[in-house]
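Contents: one structure, followed by commentary.
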Amino acid sequence: FNEMVALQPSLFFSQKGAKYSGDYKGNIADADADVKINQLYLELPINVQFRFNIADNTNLVIATGPYLACGVGGKAKFVDTFGDDGLDYNRFDAGWNIGLGVEFGQILVGFDTQLGFCKIMDGDAPHNANIGITVGYKF
């Protein structure tokens, strides 16, 4: 929009999941072991960025906005992550992004987090949460 405010849509292929040790009570199977669940998503975050000049050729960047995601695959140690014959996780996910970064000329270093609004499965289930670190180069 201007030098201080920008819209930043993106498209990500991201991996989320959990690692659990101990008694696991699932919809399909119970286990007393280490369980690792990987979820693969096609994700569309749409952030508004606020850029503040803090020194010569150095900017502080704060970004926030919603994201939408669709589960496209994944595995658990013993069954498919999405689908009727697996854990039957919800494919749709949505939430909010919050990010903080610093631009040093054309180099960008950032930290961001995602807080999911949707339960990953029916019942008393957790929500997705994600933390990321970004290192990039602006052309």
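Order determines the names: the first chain of the structure tokens is A, the second B, and so forth; residues in each chain are numbered 1 upward, and ligands are numbered 1 upward as they are shown.
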
Problem set entry | Residues within 8 Å of segment 40-52 of chain A, only C-alpha atoms, excluding chain neighbours under 4 positions, as a PyMOL selection string | chain A and resi 3-16+59-74+97

For this session: Take atom CA of Gln106 of chain A and atom CA of Gly136 of chain A and report the distance between them in Å, one decimal.
Result: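 Separating atom CA of Gln106 of chain A from atom CA of Gly136 of chain A is a distance of 8.2 Å.
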
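Each of A:Asn53, A:Asn2, A:Gln39, A:Thr134 was checked against Ile120 of chain A using only C-alpha atoms; the smallest atom-to-atom distance is that of A:Gln39.
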
Exercise. Can you tell me how far atom CA of Gly105 of chain A sits from atom CA of Lys138 of chain A, in Å to one decimal?
Worked result: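 Calculated distance between atom CA of Gly105 of chain A and atom CA of Lys138 of chain A is 8.5 Å.
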
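Taking atom CA of Thr113 of chain A and atom CA of Asp88 of chain A as the two end points, the separation is 25.5 Å.
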
Problem set entry | Backbone-only DSSP, strand (DSSP E) members of chain A, as a ChimeraX atom specification | /A:5-9,12-25,30-55,58-76,92-104,107-119,127-137

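Taking only C-alpha atoms into account, Leu100 of chain A lies nearest to A:Ile131 out of the set A:Ile131, A:Ala76, A:Met121, A:Leu115.
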
For this session: Between A:Cys118, A:Gly99, A:Lys36, A:Asn128, single out the one closest to Ala18 of chain A, counting only C-alpha atoms.
Result: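 Closest to Ala18 of chain A, using only C-alpha atoms: A:Lys36.
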